[in-house]
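S.K.: Pasting a structure here, questions to come.
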Amino acid sequence: MKNKELTLRPRGWDAIVVAAVLLAALLTGACIFGKASDKSLDCVISVDGKEYTRVALADVPESGETITVGHGYSVTIEITPDAVWVASATCPDQYCVRTGKISTAGRSIVCLPSRVVVELEASEGQTDFDIVSG
Amino acid sequence: MKRLIAITIITALLLTGCGSVGESSASDEKETTIYSMDTVMNIKAYGSGASAALAAASDEINRLDKLLSRQDENSPITALNRAASDDSVPNSVDVGDEICLVLDEAREYNSATGGAFDVTVAPIMDLWDFTGDDPRVPAQSEIDALLPRVDASKIECSDGMASLGDGQAVDLGGIAKGYASDRLAAIWDELDIKSAIASLGGNVYARGTKTDGSLWRVAVKDPEDPDNSVIGILSCADSYVITSGGYQRYFEQDGVRYHHILDPKTGYSAESGLTSVTIIASSTVDGNGAMCDALSTALFVMGEDKAVDFWRSGKYDFDMILVTDDGRILVTDGISGNFDTSEAQGKYEVSTLEK
């Protein structure tokens with residue numbers, strides 16, 4: 001059997017391996033953190049099927065932001081950096097108020113009588129599903 | 001050299017993996033929101049015919065709303081209900097062939113489910129007034145007085161003429177959206193639409209696949225936290241995914257929650273131990289939309305044991321997801337491989353039902 005000489009001195013190939021590992025780490029990091037940034041949310045308020053306004057939750061002050069919209073009835077929506085809810089509405093059934101807070105992408109609050117839909121969308125990229133049944 | 005090849009492969013894999021995140025080829029996506037059938041509907045279509053697909057869908061849904069609504073003063077269903085309660089006119093009303101078709105379907109699922117699905121529960125729904133300004137728990141005597149009128153076998157229909165038993169009324173809310181999704185399938189077949197996804201008030205119709213050929217990902221709401229959580233994501237193509245849950249419409253009185261899915265035998269909110277029932281079937285079979293809609297209600301009323309027996313009987317070809325009030329999710333084996341429940345782990349115990 002032929003003896004192989006061992007050496008501990010760094011050689012050209014080792015530099016390439018180091019560079020590749022660093023590159024891999026950077027790419028993995030970019031993937032993970034790139035994905036995480038997708039989770040920043042937009043609150044999209046639509047009236048009668050048309051987008052009325054879009055607010056990035058990240059831009060909302062801690063004290064919150066209030067928006068009032070409606071079609072026939074008025075709906076008051078509270079937006080904070082963490083959640084969105086209908087604080088009050090003049091509609092008869094009050095389903096939108098009872099829905100409570102939503103805080104994740106793809107969730108929505110609907111007020112049928114005033115034709116208002118409040119929806120949370122991922123600011124970039126997509127949620128991990130296309131549609132919701134139920 | 002081997003090392004160089006390995007490095008190249010690893011780098012290429014990493015680049016490919018990262019590049020696919022958030023990738024979307026939906027540049028030709030068109031979307032519409034429709035307020036109809038007492039709910040909000042959202043439809044997206046893709047490809048060159050997308051605009052035509054949405055226009056046709058919107059027209060069709062509004063046409064069906066006028067035809068099938070019992071809230072519309074001028075609909076044939078309102079005329080049919082009125083005739084059944086008015087002794088001065090004959091019960092038989094010219095409703096047309098299409099309504100007869102829907103009534104036939106309603107009768108079929110009534111009979112097949114042993115009465116768990118019944119469109120003639122309408123007079124009792126009116127007592128509860130779930131959709132009105134002031135829902136309330138009716139007195140037992142009021143319910144007892146109207147229960148004998150609940151019997152879908154008394155519906156008669158032939159050659160476009162329909163009649164109900166005296167004092168009966170029908171509400172097609174438990175089947176109309178499912179029928180509407182069958183109609184969308186037929187219309188989009190004619191328009192040769194390859195890719196579209198619709199939520200008709202939470203009743204999902206996933207047509208074809210996504211434009212990149214991958215499966216649609218349909219989330220199912222968590223009945224314990226319907227506004228913020230899902231119990232899982234179903235990957236599917238050409239499917240109806242229709243859910244009935246007690247959380248969808250309800251009111252509370254004296255600390256008790258009363259939901260809108262009435263048990264036709266008692267006249268009260270069905271308390272079967274199930275909190276949500278999702279029925280899944282192929283959308284390439286005409287009539288499956290109505291079937292999924294009717295069965296999601298019926299199996300919710302039946303409860304776990306009867307629902308599982310019904311599924312195992314093989315009378316109808318469908319899959320289902322049941323959620324129980326003691327924290328279990330039951331998924332039938334036809335879809336269990338495509339239903340990702342990782343989001344429900346820890347909260348629910350998930351098991352597969354085998355035929």
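By order in the structure tokens, chains are A, B, ...; within a chain, residues start at 1; ligands start at 1, following the order shown.
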Could the residues of chain B within 6 Å of chain A, counting only C-alpha atoms, be given as number ranges by chain, please?

M.R.: B: 18, 22, 33, 133, 202-204, 217-221, 227-228, 243

S.K.: Save the residues we just selected, all heavy atoms, as a JSON list (two decimals), in the first residue's frame?

M.R.:
```
[["chain", "number", "residue", "atom", "x", "y", "z"],
["B", 18, "CYS", "N", -32.98, 28.83, -2.94],
["B", 18, "CYS", "CA", -33.30, 30.18, -2.53],
["B", 18, "CYS", "C", -34.13, 30.89, -3.58],
["B", 18, "CYS", "O", -35.06, 31.62, -3.27],
["B", 18, "CYS", "CB", -32.00, 30.95, -2.29],
["B", 18, "CYS", "SG", -32.22, 32.37, -1.24],
["B", 22, "GLY", "N", -40.89, 32.40, -2.80],
["B", 22, "GLY", "CA", -41.70, 33.56, -3.17],
["B", 22, "GLY", "C", -41.82, 33.77, -4.67],
["B", 22, "GLY", "O", -42.31, 34.79, -5.12],
["B", 33, "THR", "N", -64.14, 40.56, -6.67],
["B", 33, "THR", "CA", -64.89, 40.31, -5.44],
["B", 33, "THR", "C", -66.36, 40.52, -5.75],
["B", 33, "THR", "O", -66.73, 41.52, -6.38],
["B", 33, "THR", "CB", -64.45, 41.29, -4.33],
["B", 33, "THR", "OG1", -63.05, 41.16, -4.15],
["B", 33, "THR", "CG2", -65.16, 41.00, -3.02],
["B", 133, "ASP", "N", -81.34, 41.18, 12.45],
["B", 133, "ASP", "CA", -80.76, 42.14, 13.39],
["B", 133, "ASP", "C", -80.82, 41.64, 14.83],
["B", 133, "ASP", "O", -80.00, 42.02, 15.65],
["B", 133, "ASP", "CB", -81.54, 43.48, 13.33],
["B", 133, "ASP", "CG", -81.47, 44.09, 11.95],
["B", 133, "ASP", "OD1", -80.71, 43.55, 11.12],
["B", 133, "ASP", "OD2", -82.16, 45.09, 11.71],
["B", 202, "GLY", "N", -66.20, 31.06, 1.41],
["B", 202, "GLY", "CA", -65.49, 29.99, 2.13],
["B", 202, "GLY", "C", -65.63, 28.62, 1.50],
["B", 202, "GLY", "O", -64.95, 27.68, 1.90],
["B", 203, "ASN", "N", -66.51, 28.49, 0.50],
["B", 203, "ASN", "CA", -66.60, 27.26, -0.29],
["B", 203, "ASN", "C", -65.58, 27.37, -1.42],
["B", 203, "ASN", "O", -65.73, 28.22, -2.29],
["B", 203, "ASN", "CB", -67.99, 27.10, -0.92],
["B", 203, "ASN", "CG", -69.04, 26.68, 0.09],
["B", 203, "ASN", "OD1", -68.80, 26.69, 1.29],
["B", 203, "ASN", "ND2", -70.20, 26.32, -0.41],
["B", 204, "VAL", "N", -64.57, 26.52, -1.40],
["B", 204, "VAL", "CA", -63.48, 26.68, -2.36],
["B", 204, "VAL", "C", -63.65, 25.78, -3.58],
["B", 204, "VAL", "O", -64.00, 24.61, -3.47],
["B", 204, "VAL", "CB", -62.12, 26.40, -1.67],
["B", 204, "VAL", "CG1", -60.99, 26.30, -2.69],
["B", 204, "VAL", "CG2", -61.81, 27.48, -0.64],
["B", 217, "ARG", "N", -52.88, 25.28, -2.91],
["B", 217, "ARG", "CA", -52.76, 25.02, -1.47],
["B", 217, "ARG", "C", -53.94, 25.68, -0.77],
["B", 217, "ARG", "O", -54.03, 26.90, -0.67],
["B", 217, "ARG", "CB", -51.42, 25.55, -0.96],
["B", 217, "ARG", "CG", -50.25, 24.69, -1.48],
["B", 217, "ARG", "CD", -48.91, 25.31, -1.18],
["B", 217, "ARG", "NE", -48.65, 25.46, 0.24],
["B", 217, "ARG", "CZ", -48.28, 24.48, 1.07],
["B", 217, "ARG", "NH1", -48.15, 23.25, 0.61],
["B", 217, "ARG", "NH2", -48.05, 24.72, 2.33],
["B", 218, "VAL", "N", -54.86, 24.81, -0.31],
["B", 218, "VAL", "CA", -56.10, 25.29, 0.31],
["B", 218, "VAL", "C", -56.01, 25.08, 1.82],
["B", 218, "VAL", "O", -55.92, 23.95, 2.29],
["B", 218, "VAL", "CB", -57.32, 24.53, -0.26],
["B", 218, "VAL", "CG1", -58.61, 25.06, 0.36],
["B", 218, "VAL", "CG2", -57.37, 24.64, -1.78],
["B", 219, "ALA", "N", -56.04, 26.19, 2.57],
["B", 219, "ALA", "CA", -56.00, 26.09, 4.03],
["B", 219, "ALA", "C", -57.40, 25.85, 4.55],
["B", 219, "ALA", "O", -58.38, 26.32, 3.98],
["B", 219, "ALA", "CB", -55.43, 27.38, 4.62],
["B", 220, "VAL", "N", -57.51, 25.09, 5.64],
["B", 220, "VAL", "CA", -58.81, 24.85, 6.28],
["B", 220, "VAL", "C", -58.79, 25.54, 7.64],
["B", 220, "VAL", "O", -57.87, 25.34, 8.44],
["B", 220, "VAL", "CB", -59.08, 23.34, 6.44],
["B", 220, "VAL", "CG1", -60.40, 23.11, 7.17],
["B", 220, "VAL", "CG2", -59.10, 22.66, 5.08],
["B", 221, "LYS", "N", -59.80, 26.38, 7.88],
["B", 221, "LYS", "CA", -59.84, 27.17, 9.11],
["B", 221, "LYS", "C", -59.88, 26.29, 10.35],
["B", 221, "LYS", "O", -60.50, 25.23, 10.35],
["B", 221, "LYS", "CB", -61.09, 28.06, 9.12],
["B", 221, "LYS", "CG", -60.93, 29.34, 8.34],
["B", 221, "LYS", "CD", -62.14, 30.24, 8.53],
["B", 221, "LYS", "CE", -62.01, 31.48, 7.67],
["B", 221, "LYS", "NZ", -63.23, 32.31, 7.73],
["B", 227, "ASP", "N", -60.36, 32.97, 12.79],
["B", 227, "ASP", "CA", -59.86, 34.19, 12.17],
["B", 227, "ASP", "C", -58.35, 34.25, 12.09],
["B", 227, "ASP", "O", -57.81, 35.06, 11.35],
["B", 227, "ASP", "CB", -60.40, 35.42, 12.91],
["B", 227, "ASP", "CG", -61.92, 35.42, 12.89],
["B", 227, "ASP", "OD1", -62.47, 35.25, 11.79],
["B", 227, "ASP", "OD2", -62.53, 35.54, 13.95],
["B", 228, "ASN", "N", -57.67, 33.42, 12.86],
["B", 228, "ASN", "CA", -56.21, 33.53, 12.86],
["B", 228, "ASN", "C", -55.46, 32.22, 12.68],
["B", 228, "ASN", "O", -54.24, 32.25, 12.55],
["B", 228, "ASN", "CB", -55.74, 34.20, 14.15],
["B", 228, "ASN", "CG", -55.91, 35.70, 14.09],
["B", 228, "ASN", "OD1", -55.40, 36.35, 13.18],
["B", 228, "ASN", "ND2", -56.65, 36.25, 15.02],
["B", 243, "THR", "N", -66.42, 23.61, 3.47],
["B", 243, "THR", "CA", -66.41, 23.43, 4.93],
["B", 243, "THR", "C", -67.67, 23.99, 5.57],
["B", 243, "THR", "O", -68.13, 25.07, 5.20],
["B", 243, "THR", "CB", -65.19, 24.15, 5.53],
["B", 243, "THR", "OG1", -64.00, 23.64, 4.93],
["B", 243, "THR", "CG2", -65.11, 23.95, 7.04]]
```

S.K.: Might you pull out every residue within 12 Å of B:Gly346, with only C-alpha atoms counted and same-chain residues fewer than 6 positions away left off, and present them as a list in words?

M.R.: Ile231, Gly327, Arg328 and Ile329 of chain B

S.K.: Can you pull out the residues contacting B:Val285? Cut-off 10 Å, using only C-alpha atoms, and skip same-chain residues under 3 positions away; I want them as a VMD selection string.

M.R.: chain B and resid 182 185 238 to 239 281 to 282 288 to 289

S.K.: In Å, with one decimal, what is the gap from atom CA of B:Thr284 to atom CA of B:Ile261?

M.R.: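 That distance, rounded to one decimal, is 28.1 Å.
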
S.K.: Please give the complete set of residues from stretch 248-324 of chain B that DSSP, run on the backbone, assigns to alpha helix (DSSP H), formatted as a ChimeraX atom specification.

M.R.: /B:288-302,304-313

S.K.: Mind checking DSSP for stretch 73-226 of chain B and telling me the strand (DSSP E) residues as number ranges by chain?

M.R.: B: 93-94, 156-158, 161-163, 195-200, 203-207, 216-221

S.K.: Deliver the residues from the most recent selection as a file, using N, CA, C and O atoms, as a tab-separated table (two decimals), in the first residue's frame.

M.R.:
```
chain	number	residue	atom	x	y	z
B	93	VAL	N	-96.14	25.79	-8.48
B	93	VAL	CA	-95.63	27.03	-9.07
B	93	VAL	C	-94.67	26.69	-10.21
B	93	VAL	O	-93.89	25.74	-10.11
B	94	ASP	N	-94.74	27.50	-11.28
B	94	ASP	CA	-93.82	27.31	-12.40
B	94	ASP	C	-92.47	27.91	-12.02
B	94	ASP	O	-92.28	29.12	-12.09
B	156	GLU	N	-92.31	18.38	-4.33
B	156	GLU	CA	-92.57	17.71	-5.60
B	156	GLU	C	-92.12	18.60	-6.74
B	156	GLU	O	-92.27	19.82	-6.67
B	157	CYS	N	-91.59	17.98	-7.76
B	157	CYS	CA	-91.06	18.77	-8.86
B	157	CYS	C	-91.06	17.95	-10.13
B	157	CYS	O	-90.54	16.82	-10.15
B	158	SER	N	-91.69	18.47	-11.18
B	158	SER	CA	-91.55	17.82	-12.48
B	158	SER	C	-91.94	18.81	-13.57
B	158	SER	O	-92.81	19.67	-13.38
B	161	MET	N	-92.48	22.48	-12.86
B	161	MET	CA	-93.49	22.87	-11.87
B	161	MET	C	-93.11	22.25	-10.52
B	161	MET	O	-92.82	21.06	-10.44
B	162	ALA	N	-93.13	23.07	-9.48
B	162	ALA	CA	-92.77	22.56	-8.15
B	162	ALA	C	-93.86	22.88	-7.14
B	162	ALA	O	-94.59	23.87	-7.29
B	163	SER	N	-93.95	22.04	-6.11
B	163	SER	CA	-94.87	22.36	-5.01
B	163	SER	C	-94.30	21.86	-3.70
B	163	SER	O	-93.52	20.92	-3.65
B	195	SER	N	-56.83	27.58	-15.33
B	195	SER	CA	-56.37	27.81	-13.96
B	195	SER	C	-57.19	28.92	-13.30
B	195	SER	O	-57.22	30.04	-13.80
B	196	ALA	N	-57.87	28.57	-12.21
B	196	ALA	CA	-58.66	29.57	-11.48
B	196	ALA	C	-58.90	29.06	-10.08
B	196	ALA	O	-58.85	27.84	-9.83
B	197	ILE	N	-59.13	29.99	-9.17
B	197	ILE	CA	-59.45	29.58	-7.80
B	197	ILE	C	-60.51	30.52	-7.23
B	197	ILE	O	-60.41	31.73	-7.40
B	198	ALA	N	-61.53	29.92	-6.62
B	198	ALA	CA	-62.66	30.72	-6.16
B	198	ALA	C	-63.01	30.35	-4.73
B	198	ALA	O	-62.98	29.18	-4.35
B	199	SER	N	-63.35	31.37	-3.96
B	199	SER	CA	-63.93	31.15	-2.64
B	199	SER	C	-65.32	31.76	-2.66
B	199	SER	O	-65.46	32.98	-2.71
B	200	LEU	N	-66.33	30.92	-2.69
B	200	LEU	CA	-67.70	31.42	-2.66
B	200	LEU	C	-68.14	31.41	-1.19
B	200	LEU	O	-68.71	30.43	-0.71
B	203	ASN	N	-66.51	28.49	0.50
B	203	ASN	CA	-66.60	27.26	-0.29
B	203	ASN	C	-65.58	27.37	-1.42
B	203	ASN	O	-65.73	28.22	-2.29
B	204	VAL	N	-64.57	26.52	-1.40
B	204	VAL	CA	-63.48	26.68	-2.36
B	204	VAL	C	-63.65	25.78	-3.58
B	204	VAL	O	-64.00	24.61	-3.47
B	205	TYR	N	-63.41	26.39	-4.74
B	205	TYR	CA	-63.32	25.63	-5.99
B	205	TYR	C	-61.94	25.91	-6.58
B	205	TYR	O	-61.66	27.03	-6.99
B	206	ALA	N	-61.09	24.88	-6.59
B	206	ALA	CA	-59.74	25.02	-7.14
B	206	ALA	C	-59.72	24.36	-8.51
B	206	ALA	O	-59.83	23.14	-8.61
B	207	ARG	N	-59.61	25.18	-9.56
B	207	ARG	CA	-59.69	24.65	-10.92
B	207	ARG	C	-58.30	24.44	-11.50
B	207	ARG	O	-57.46	25.34	-11.46
B	216	TRP	N	-52.72	23.59	-6.05
B	216	TRP	CA	-53.27	24.67	-5.21
B	216	TRP	C	-53.09	24.28	-3.75
B	216	TRP	O	-53.17	23.10	-3.40
B	217	ARG	N	-52.88	25.28	-2.91
B	217	ARG	CA	-52.76	25.02	-1.47
B	217	ARG	C	-53.94	25.68	-0.77
B	217	ARG	O	-54.03	26.90	-0.67
B	218	VAL	N	-54.86	24.81	-0.31
B	218	VAL	CA	-56.10	25.29	0.31
B	218	VAL	C	-56.01	25.08	1.82
B	218	VAL	O	-55.92	23.95	2.29
B	219	ALA	N	-56.04	26.19	2.57
B	219	ALA	CA	-56.00	26.09	4.03
B	219	ALA	C	-57.40	25.85	4.55
B	219	ALA	O	-58.38	26.32	3.98
B	220	VAL	N	-57.51	25.09	5.64
B	220	VAL	CA	-58.81	24.85	6.28
B	220	VAL	C	-58.79	25.54	7.64
B	220	VAL	O	-57.87	25.34	8.44
B	221	LYS	N	-59.80	26.38	7.88
B	221	LYS	CA	-59.84	27.17	9.11
B	221	LYS	C	-59.88	26.29	10.35
B	221	LYS	O	-60.50	25.23	10.35
```
